[in-house]
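Structure data follow from upload12.txt (compact mmCIF, C-alpha atoms):
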# COMPACT_ATOMS: atom_id res chain seq x y z
CA MET A 30 118.27 83.23 78.77
CA ILE A 31 120.17 85.91 80.72
CA TYR A 32 117.04 88.01 80.96
CA SER A 33 114.99 85.41 82.90
CA ILE A 34 117.01 85.77 86.11
CA PRO A 35 113.92 86.43 88.36
CA PHE A 36 112.40 83.09 87.33
CA TYR A 37 115.62 81.22 88.16
CA THR A 38 115.72 82.97 91.56
CA VAL A 39 112.19 81.67 92.23
CA VAL A 40 113.31 78.11 91.39
CA ILE A 41 116.32 78.34 93.74
CA LEU A 42 114.15 79.65 96.62
CA ILE A 43 111.57 76.86 96.21
CA LEU A 44 114.29 74.18 96.06
CA VAL A 45 115.95 75.45 99.26
CA GLY A 46 112.57 75.42 101.05
CA VAL A 47 111.67 71.90 99.88
CA TYR A 48 115.12 70.63 100.95
CA ALA A 49 114.54 72.02 104.47
CA VAL A 50 111.08 70.42 104.74
CA ILE A 51 112.18 66.94 103.56
CA PHE A 52 115.60 66.46 105.12
CA LYS A 53 115.52 68.18 108.53
CA ARG A 54 114.17 66.80 111.81
CA ASN A 55 113.69 69.80 114.10
CA LEU A 56 110.15 71.23 114.03
CA ILE A 57 111.31 74.88 113.99
CA LYS A 58 113.51 74.23 110.94
CA ILE A 59 110.53 72.71 109.08
CA ALA A 60 108.48 75.86 109.87
CA ILE A 61 111.30 78.05 108.49
CA GLY A 62 111.35 75.92 105.31
CA ILE A 63 107.61 76.42 104.76
CA THR A 64 108.12 80.22 105.10
CA ILE A 65 110.89 80.18 102.47
CA ILE A 66 108.58 78.34 100.01
CA GLU A 67 105.93 81.05 100.71
CA SER A 68 108.45 83.81 99.86
CA GLY A 69 109.37 82.14 96.58
CA VAL A 70 105.73 81.85 95.47
CA ASN A 71 105.05 85.54 96.30
CA LEU A 72 108.05 86.61 94.23
CA PHE A 73 106.77 84.55 91.29
CA LEU A 74 103.34 86.22 91.44
CA ILE A 75 104.85 89.71 91.27
CA THR A 76 107.27 89.03 88.42
CA LEU A 77 104.41 87.79 86.22
CA GLY A 78 103.05 91.34 85.96
CA TYR A 79 106.02 93.39 84.76
CA ARG A 80 105.97 95.53 81.63
CA GLU A 81 109.23 96.71 80.04
CA GLY A 82 110.10 100.27 81.25
CA GLY A 83 106.92 100.82 83.29
CA VAL A 84 106.24 102.91 86.40
CA ALA A 85 104.00 102.25 89.40
CA PRO A 86 100.23 102.60 88.67
CA ILE A 87 99.61 105.62 90.93
CA TYR A 88 98.31 108.94 89.57
CA THR A 89 99.55 111.25 92.39
CA ASN A 90 102.45 113.41 91.06
CA LEU A 91 102.99 111.23 88.01
CA PRO A 92 106.09 112.36 86.01
CA SER A 93 105.18 113.88 82.63
CA GLY A 94 105.56 111.94 79.41
CA ILE A 95 104.09 108.60 80.50
CA LYS A 96 101.48 107.05 78.17
CA ILE A 97 98.49 106.09 80.30
CA PRO A 98 97.72 102.39 79.70
CA GLU A 99 101.01 101.25 78.12
CA GLY A 100 103.51 102.91 80.46
CA MET A 101 102.36 101.36 83.75
CA VAL A 102 102.84 97.89 85.22
CA LEU A 103 99.82 95.64 85.87
CA PRO A 104 98.01 96.25 89.20
CA VAL A 105 96.07 92.97 89.61
CA PRO A 106 99.02 90.61 90.52
CA GLN A 107 100.11 93.07 93.23
CA ALA A 108 96.67 92.87 94.85
CA LEU A 109 96.72 89.05 94.87
CA THR A 110 100.25 89.01 96.39
CA LEU A 111 99.06 91.22 99.27
CA THR A 112 96.43 88.64 100.21
CA SER A 113 98.97 85.81 99.99
CA ILE A 114 101.47 87.52 102.32
CA VAL A 115 98.85 88.04 105.04
CA ILE A 116 97.70 84.41 104.83
CA GLY A 117 101.34 83.29 105.18
CA VAL A 118 101.71 85.29 108.41
CA ALA A 119 98.54 83.74 109.86
CA VAL A 120 99.65 80.16 109.06
CA LEU A 121 103.11 80.81 110.62
CA ALA A 122 101.48 82.08 113.86
CA LEU A 123 99.37 78.91 114.12
CA MET A 124 102.38 76.63 113.40
CA LEU A 125 104.48 78.22 116.15
CA SER A 126 101.66 77.99 118.72
CA LEU A 127 101.25 74.27 118.04
CA SER A 128 104.99 73.70 118.40
CA ILE A 129 104.97 75.39 121.83
CA MET A 130 102.18 72.98 122.89
CA ILE A 131 104.08 69.96 121.55
CA TYR A 132 107.23 70.96 123.48
CA ARG A 133 105.26 71.30 126.71
CA HIS A 134 103.63 67.88 126.29
CA TYR A 135 106.51 65.71 125.03
CA GLY A 136 109.65 67.49 126.28
CA THR A 137 111.43 67.24 122.90
CA LEU A 138 111.14 68.78 119.42
CA ASP A 139 112.39 65.85 117.33
CA SER A 140 109.84 64.94 114.67
CA ARG A 141 110.61 61.19 114.90
CA LYS A 142 109.85 60.96 118.63
CA VAL A 143 106.51 62.80 118.70
CA ARG A 144 104.54 60.19 116.80
CA ARG A 145 103.05 58.00 119.52
CA LEU A 146 100.27 59.13 121.83
CA LYS A 147 101.82 59.78 125.21
CA GLU A 148 100.26 58.09 128.23
CA MET B 21 112.37 86.15 129.16
CA LYS B 22 113.22 88.17 132.27
CA ASP B 23 110.34 89.93 133.98
CA GLU B 24 112.12 93.16 134.78
CA GLY B 25 112.89 94.23 131.21
CA MET B 26 116.06 95.78 129.89
CA SER B 27 118.30 98.59 131.16
CA VAL B 28 117.40 102.27 131.72
CA ILE B 29 118.76 103.55 128.38
CA VAL B 30 116.64 101.08 126.35
CA THR B 31 113.39 101.77 128.22
CA THR B 32 113.78 105.57 127.97
CA ILE B 33 114.39 105.53 124.20
CA ALA B 34 111.49 103.06 123.62
CA ALA B 35 109.07 105.29 125.54
CA LEU B 36 110.25 108.35 123.58
CA ILE B 37 109.86 107.04 120.03
CA PHE B 38 106.68 104.97 120.52
CA PRO B 39 104.28 107.90 119.77
CA ALA B 40 106.21 108.81 116.60
CA ILE B 41 105.88 105.27 115.21
CA MET B 42 102.13 105.16 115.99
CA ILE B 43 101.57 108.53 114.24
CA PHE B 44 103.48 107.28 111.19
CA SER B 45 101.29 104.16 111.13
CA PHE B 46 98.10 106.26 111.20
CA TYR B 47 99.51 108.45 108.38
CA VAL B 48 100.13 105.41 106.17
CA ILE B 49 96.62 104.03 106.88
CA MET B 50 94.76 107.32 106.24
CA HIS B 51 96.57 108.16 102.96
CA GLY B 52 95.92 104.72 101.48
CA HIS B 53 94.01 106.03 98.46
CA LEU B 54 96.69 108.59 97.44
CA THR B 55 100.13 107.07 98.05
CA PRO B 56 101.40 103.45 98.26
CA GLY B 57 100.19 101.89 101.50
CA GLY B 58 96.78 101.19 102.94
CA GLY B 59 95.26 99.06 105.67
CA PHE B 60 97.58 96.05 105.83
CA GLN B 61 100.86 97.95 105.56
CA GLY B 62 99.94 100.55 108.21
CA GLY B 63 98.63 97.83 110.52
CA ALA B 64 101.94 95.94 110.37
CA ILE B 65 103.83 99.13 111.35
CA GLY B 66 101.49 99.71 114.34
CA ALA B 67 101.87 96.11 115.53
CA SER B 68 105.68 96.44 115.39
CA ALA B 69 105.50 99.45 117.73
CA ILE B 70 103.66 97.41 120.38
CA VAL B 71 106.12 94.50 119.96
CA MET B 72 108.98 96.97 120.58
CA LEU B 73 107.35 97.86 123.92
CA ILE B 74 107.07 94.15 124.81
CA VAL B 75 110.79 93.59 124.13
CA ALA B 76 111.88 96.68 126.11
CA TYR B 77 109.70 96.44 129.21
CA GLY B 78 108.94 92.72 129.64
CA ALA B 79 105.65 90.93 128.97
CA LYS B 80 104.16 91.17 132.48
CA ASN B 81 104.51 94.97 132.69
CA VAL B 82 102.86 95.46 129.28
CA LYS B 83 99.97 93.13 130.25
CA LYS B 84 99.03 95.46 133.13
CA LYS B 85 98.56 98.44 130.80
CA VAL B 86 97.29 96.87 127.53
CA SER B 87 95.77 93.49 128.29
CA ASP B 88 95.05 90.96 125.55
CA GLU B 89 91.28 91.09 126.14
CA ASN B 90 91.25 94.79 125.16
CA LEU B 91 93.25 93.99 122.01
CA SER B 92 90.75 91.25 121.07
CA ILE B 93 87.84 93.68 121.45
CA PHE B 94 89.74 96.22 119.28
CA GLU B 95 90.17 93.58 116.57
CA SER B 96 86.51 92.51 116.60
CA ILE B 97 85.26 96.09 116.22
CA GLY B 98 87.35 96.43 113.03
CA GLY B 99 85.82 93.30 111.54
CA LEU B 100 82.28 94.39 112.38
CA VAL B 101 82.75 97.82 110.71
CA PHE B 102 83.86 96.08 107.48
CA VAL B 103 80.76 93.85 107.30
CA VAL B 104 78.32 96.67 108.26
CA VAL B 105 79.68 98.99 105.53
CA GLY B 106 79.27 96.15 103.02
CA LEU B 107 75.64 95.55 104.02
CA LEU B 108 74.94 99.30 103.73
CA GLY B 109 75.86 98.94 100.07
CA PHE B 110 73.04 96.40 99.80
CA LEU B 111 70.50 98.92 101.10
CA ALA B 112 71.70 101.98 99.15
CA ALA B 113 72.20 100.33 95.74
CA SER B 114 72.23 96.85 94.26
CA THR B 115 75.24 94.76 95.35
CA PHE B 116 77.37 93.92 98.40
CA LEU B 117 80.33 96.36 98.89
CA TYR B 118 78.98 98.85 96.33
CA ASN B 119 80.81 102.19 96.31
CA PHE B 120 77.82 104.35 97.25
CA LEU B 121 79.77 107.42 98.41
CA VAL B 122 81.04 108.59 94.96
CA GLY B 123 79.54 112.05 94.35
CA GLU B 124 78.32 112.58 97.92
CA PRO B 125 79.87 115.42 99.97
CA LEU B 126 81.41 113.14 102.64
CA PHE B 127 84.25 111.36 100.80
CA GLY B 128 83.28 111.58 97.16
CA THR B 129 85.20 114.18 95.12
CA ILE B 130 86.17 112.71 91.74
CA PRO B 131 89.81 113.69 90.96
CA PRO B 132 90.66 115.10 87.48
CA PHE B 133 92.02 112.64 84.95
CA GLY B 134 95.80 112.27 84.72
CA SER B 135 98.56 113.46 87.02
CA ASN B 136 97.50 115.59 90.00
CA SER B 137 98.46 116.17 93.61
CA GLY B 138 96.02 114.22 95.72
CA ILE B 139 92.77 115.33 97.36
CA LEU B 140 92.21 113.85 100.83
CA ASN B 141 88.43 114.16 100.52
CA SER B 142 88.18 111.61 97.70
CA GLY B 143 87.93 107.85 97.57
CA GLY B 144 84.37 106.72 98.23
CA ILE B 145 84.21 103.99 100.90
CA LEU B 146 87.96 103.26 100.63
CA PRO B 147 89.15 105.30 103.69
CA ILE B 148 86.51 103.66 105.93
CA LEU B 149 87.56 100.17 104.83
CA ASN B 150 91.24 101.09 105.29
CA ILE B 151 90.63 102.10 108.93
CA ALA B 152 88.65 98.90 109.62
CA VAL B 153 91.36 96.61 108.22
CA GLY B 154 94.09 98.60 110.04
CA MET B 155 92.36 98.11 113.40
CA LYS B 156 91.97 94.40 112.70
CA VAL B 157 95.65 93.87 111.84
CA ILE B 158 97.02 95.90 114.79
CA GLY B 159 94.81 94.10 117.33
CA GLY B 160 95.42 90.63 115.90
CA LEU B 161 99.22 90.65 115.52
CA ALA B 162 99.89 92.42 118.85
CA SER B 163 97.67 90.04 120.82
CA VAL B 164 99.30 86.91 119.31
CA VAL B 165 102.82 88.11 120.20
CA LEU B 166 101.72 89.12 123.73
CA VAL B 167 100.17 85.70 124.45
CA MET B 168 103.23 83.87 123.09
CA ALA B 169 105.57 85.97 125.27
CA LEU B 170 103.47 85.24 128.36
CA ALA B 171 103.34 81.49 127.64
CA GLY B 172 107.10 81.05 127.75
CA GLY B 173 107.42 82.73 131.12
CA ASP B 174 105.85 80.24 133.49
CA GLU B 175 106.69 76.60 132.94
CA GLU B 176 105.47 74.24 135.62
CA MET C 5 114.50 57.29 98.04
CA LYS C 6 114.23 60.87 99.27
CA TRP C 7 117.12 61.95 97.03
CA LEU C 8 115.40 60.50 93.94
CA ALA C 9 112.16 62.42 94.59
CA PHE C 10 114.09 65.64 95.22
CA VAL C 11 116.09 65.34 91.97
CA VAL C 12 112.95 64.64 89.88
CA PHE C 13 111.21 67.69 91.42
CA ALA C 14 114.23 69.92 90.73
CA ALA C 15 114.33 68.72 87.10
CA PHE C 16 110.64 69.63 86.61
CA LEU C 17 111.14 73.13 88.01
CA LEU C 18 114.25 73.87 85.94
CA PHE C 19 112.56 72.73 82.73
CA ALA C 20 109.57 75.01 83.49
CA ALA C 21 111.86 78.01 84.14
CA TYR C 22 113.59 77.41 80.80
CA GLU C 23 110.39 77.26 78.74
CA ILE C 24 108.44 80.20 80.24
CA HIS C 25 107.91 83.48 78.32
CA PRO C 26 110.74 86.06 78.52
CA PHE C 27 110.71 88.49 81.42
CA GLY C 28 108.90 91.75 80.56
CA GLU C 29 106.94 90.89 77.41
CA LEU C 30 103.24 90.26 78.01
CA ASP C 31 100.82 88.49 75.69
CA ASP C 32 97.40 89.87 76.56
CA SER C 33 96.61 92.66 79.02
CA ARG C 34 93.14 93.94 78.11
CA MET C 35 91.59 93.65 81.60
CA ASP C 36 94.39 95.61 83.27
CA ASP C 37 94.28 98.32 80.55
CA TYR C 38 90.56 98.81 81.25
CA ILE C 39 91.20 98.99 85.01
CA ILE C 40 94.04 101.55 84.66
CA GLU C 41 91.98 103.82 82.38
CA ASN C 42 88.68 103.79 84.31
CA ALA C 43 89.76 103.59 87.98
CA GLN C 44 89.68 107.34 88.62
CA ASN C 45 86.13 107.77 87.26
CA GLU C 46 84.48 104.81 88.94
CA THR C 47 86.18 104.65 92.34
CA ALA C 48 87.39 108.28 92.82
CA ALA C 49 90.84 107.22 94.11
CA ASN C 50 94.32 107.97 92.79
CA ASN C 51 95.87 104.65 93.85
CA VAL C 52 94.92 101.94 91.34
CA VAL C 53 96.28 99.03 93.47
CA THR C 54 94.17 100.01 96.52
CA SER C 55 91.06 100.40 94.35
CA VAL C 56 91.62 96.88 92.95
CA VAL C 57 92.07 95.41 96.45
CA PHE C 58 89.03 97.09 98.04
CA ASP C 59 86.61 97.88 95.20
CA TYR C 60 87.01 95.65 92.14
CA ARG C 61 87.97 92.59 94.24
CA GLY C 62 86.58 93.52 97.65
CA TYR C 63 85.11 90.06 98.30
CA ASP C 64 88.60 88.49 98.33
CA THR C 65 89.64 91.00 101.01
CA LEU C 66 86.65 89.94 103.12
CA GLY C 67 87.74 86.28 102.81
CA GLU C 68 91.30 87.16 103.79
CA ALA C 69 90.11 89.08 106.87
CA THR C 70 88.15 85.97 107.87
CA VAL C 71 91.24 83.73 107.48
CA LEU C 72 93.30 86.13 109.64
CA PHE C 73 90.59 86.19 112.32
CA THR C 74 90.27 82.37 112.39
CA ALA C 75 94.02 81.74 112.62
CA ILE C 76 94.47 84.24 115.47
CA ALA C 77 91.47 82.80 117.33
CA GLY C 78 92.97 79.30 116.99
CA ALA C 79 96.38 80.46 118.28
CA LEU C 80 94.79 82.20 121.30
CA VAL C 81 92.69 79.13 122.22
CA VAL C 82 95.71 76.77 122.13
CA LEU C 83 97.81 78.93 124.48
CA ARG C 84 95.16 79.56 127.13
CA ARG C 85 96.15 79.20 130.78
CA VAL C 86 93.63 77.53 133.06
CA LYS C 87 93.37 79.21 136.46
CA LYS C 88 93.38 76.72 139.30

Conversion result in structure tokens:
Amino acid sequence: MIYSIPFYTVVILILVGVYAVIFKRNLIKIAIGITIIESGVNLFLITLGYREGGVAPIYTNLPSGIKIPEGMVLPVPQALTLTSIVIGVAVLALMLSLSIMIYRHYGTLDSRKVRRLKE
Amino acid sequence: MKDEGMSVIVTTIAALIFPAIMIFSFYVIMHGHLTPGGGFQGGAIGASAIVMLIVAYGAKNVKKKVSDENLSIFESIGGLVFVVVGLLGFLAASTFLYNFLVGEPLFGTIPPFGSNSGILNSGGILPILNIAVGMKVIGGLASVVLVMALAGGDEE
Amino acid sequence: MKWLAFVVFAAFLLFAAYEIHPFGELDDSRMDDYIIENAQNETAANNVVTSVVFDYRGYDTLGEATVLFTAIAGALVVLRRVKK
């Protein structure tokens, strides 16, 4: 059980993010909580592809004595994590733009007061 | 945000190290098929350089030199190059995004198997796609931060 | 009511982290072994991760570029200033 520390770190990150989304009222704090959940999921995708004692899968100036398919970590989860990080940045940009518009229209950022349509 | 920017020391140092950061970003983009890096990583470094200029000089002064319409055109050209190179794969061989430059003299040297020091002339269509994605990321992220900095300035 | 849902969710996640396979021992990795061995012949690049992102799975990169373009276009439309 002591060797599964990356998986327990993922669980702690996701729980902190879900706590911020459920229990907080400010819109900026909810956006920060969604970003923390995104970071936890990216970490989980990378730790699925680790091989014991492996090096990075790049052939330029490879140190000698590495067996070619069994001494390298898996490259496919790293490619999928790259896509996920860029999509997270795009969603965060859209969330912050909408919160600037809400603040201009209502005058407040409390998520319990921005429910009715303002006259 | 103030319109005049920050003090003299900050603006001088920002103007001095801005070309070095842009050259490092182009190095990471161009060597994407030899070392860790590529289009997305180099594009994020280039966008951070423009955001450093926005913080040091103020948003209105940066808008006079590099307006957000020019950054949008820069982003759209990157996207168009990606799709056109993919459709050229349709004409040259059988599928979309086929690597039709392996073996040709332009970018197509096949490296020897195993450990070697890299050849810049290799990679097929990978360097062209790296440059297209790098232009897209630099234009997109810099224009979003510039528009957000301008929106907080004037509140009626 | 919120506390009950949060505790049930935390219990599910902790049970899943206890029962997952140990860190570093993989079951089946035949696709990645094929990609590591044949990436230099078929794509002529030294970097296996870049050749997976742009050559073996290039269609996903096209979809991601479209998502980035759409999100930035939406953010620029929302913050437009109308000249009077």

Return as a tab-separated table the residues of chain C lying at most 6 Å from chain A, together with the closest atom-to-atom pair for each and the distance in Å to one decimal, counting all atoms listed in the file, with rows in chain order and ascending residue number.
residue	atom	partner	partner_atom	distance
C:Phe27	CA	A:Ser33	CA	5.5
C:Gly28	CA	A:Arg80	CA	4.9
C:Asp37	CA	A:Pro98	CA	5.4
C:Asn50	CA	A:Tyr88	CA	5.2
C:Asn51	CA	A:Ile87	CA	4.8
C:Val52	CA	A:Ile87	CA	6.0
C:Val53	CA	A:Pro104	CA	5.4
C:Val57	CA	A:Ala108	CA	5.5
C:Leu72	CA	A:Ala119	CA	5.8
C:Ala75	CA	A:Ala119	CA	5.7
C:Ala79	CA	A:Leu123	CA	5.4

What residues in chain B have any atom no more than 6 Å from chain C when counting only C-alpha atoms, and can you write them as a ChimeraX atom specification?
/B:53-54,130,142-143

Using all atoms listed in the file, find the one residue out of B:Phe120, B:Ala171, B:Ser68, B:Phe60 that sits nearest to Leu107 of chain B.
B:Phe120

Would you mind reading off the distance between atom CA of Thr137 of chain A and atom CA of Ile59 of chain A, one decimal, in Å?
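These two atoms are separated by 14.9 Å.
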
Using only C-alpha atoms, which of the listed residues (B:Pro56, B:Met155, B:Val165, B:Gly25) sits closest to Lys80 of chain B?
B:Gly25

Distance atom CA of Met42 of chain B-atom CA of Ile65 of chain B, one decimal place?
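Result for atom CA of Met42 of chain B versus atom CA of Ile65 of chain B: 7.8 Å, one decimal.
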
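Here atom CA of Ala64 of chain B stands at a distance of 12.7 Å from atom CA of Ser163 of chain B.
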
So which one's closest to Gly99 of chain B, B:Gly58, B:Gly78, B:Gly159, B:Pro125? Using only C-alpha atoms, please.
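Once distances to Gly99 of chain B are computed over only C-alpha atoms, the minimum belongs to B:Gly159.
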
For a quick check of understanding, using all atoms listed in the file, which of A:Asn71, A:Ser128, A:Ser93, A:Ser140 has the smallest distance to chain B?
A:Ser93

Centre and edge lengths, as JSON, for the axis-aligned box enclosing every listed atom of segment 32-48 of chain C with 6 Å of padding on each of the six sides, in Å to one decimal?
{"center_x": 90.9, "center_y": 99.1, "center_z": 84.7, "size_x": 24.9, "size_y": 30.4, "size_z": 28.3}

Output as a count of residues only the set of chain B residues within 7 Å of chain A, with distances taken over only C-alpha atoms.
6

Between B:Val30, B:Lys156, B:Asn90, B:Met72, which is the closest to Gly59 of chain B once you count all atoms listed in the file?
B:Lys156

Missing atoms in segment 31-47 of chain B: fill them in up to N, CA and C atoms and send the result as a CSV table (one decimal), in the frame of the given file.
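File result.csv, as written:
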chain,number,residue,atom,x,y,z
B,31,THR,N,114.8,101.4,127.9
B,31,THR,CA,113.4,101.8,128.2
B,31,THR,C,113.1,103.2,128.0
B,32,THR,N,114.0,104.1,128.2
B,32,THR,CA,113.8,105.6,128.0
B,32,THR,C,113.6,105.8,126.5
B,33,ILE,N,114.5,105.3,125.7
B,33,ILE,CA,114.4,105.5,124.2
B,33,ILE,C,113.1,104.9,123.7
B,34,ALA,N,112.7,103.7,124.1
B,34,ALA,CA,111.5,103.1,123.6
B,34,ALA,C,110.3,103.9,124.0
B,35,ALA,N,110.2,104.5,125.2
B,35,ALA,CA,109.1,105.3,125.5
B,35,ALA,C,109.1,106.6,124.8
B,36,LEU,N,110.2,107.1,124.3
B,36,LEU,CA,110.2,108.4,123.6
B,36,LEU,C,109.8,108.2,122.1
B,37,ILE,N,110.2,107.1,121.5
B,37,ILE,CA,109.9,107.0,120.0
B,37,ILE,C,108.6,106.2,119.7
B,38,PHE,N,107.9,105.7,120.8
B,38,PHE,CA,106.7,105.0,120.5
B,38,PHE,C,105.6,105.8,119.9
B,39,PRO,N,105.3,107.1,120.4
B,39,PRO,CA,104.3,107.9,119.8
B,39,PRO,C,104.6,108.3,118.3
B,40,ALA,N,105.9,108.4,118.0
B,40,ALA,CA,106.2,108.8,116.6
B,40,ALA,C,105.9,107.7,115.7
B,41,ILE,N,106.2,106.4,116.1
B,41,ILE,CA,105.9,105.3,115.2
B,41,ILE,C,104.4,105.1,115.1
B,42,MET,N,103.6,105.3,116.1
B,42,MET,CA,102.1,105.2,116.0
B,42,MET,C,101.5,106.2,115.1
B,43,ILE,N,102.1,107.5,115.1
B,43,ILE,CA,101.6,108.5,114.2
B,43,ILE,C,101.9,108.2,112.8
B,44,PHE,N,103.1,107.6,112.6
B,44,PHE,CA,103.5,107.3,111.2
B,44,PHE,C,102.6,106.2,110.7
B,45,SER,N,102.2,105.2,111.6
B,45,SER,CA,101.3,104.2,111.1
B,45,SER,C,99.9,104.7,110.8
B,46,PHE,N,99.4,105.7,111.6
B,46,PHE,CA,98.1,106.3,111.2
B,46,PHE,C,98.2,107.1,109.9
B,47,TYR,N,99.3,107.7,109.6
B,47,TYR,CA,99.5,108.4,108.4
B,47,TYR,C,99.5,107.5,107.2
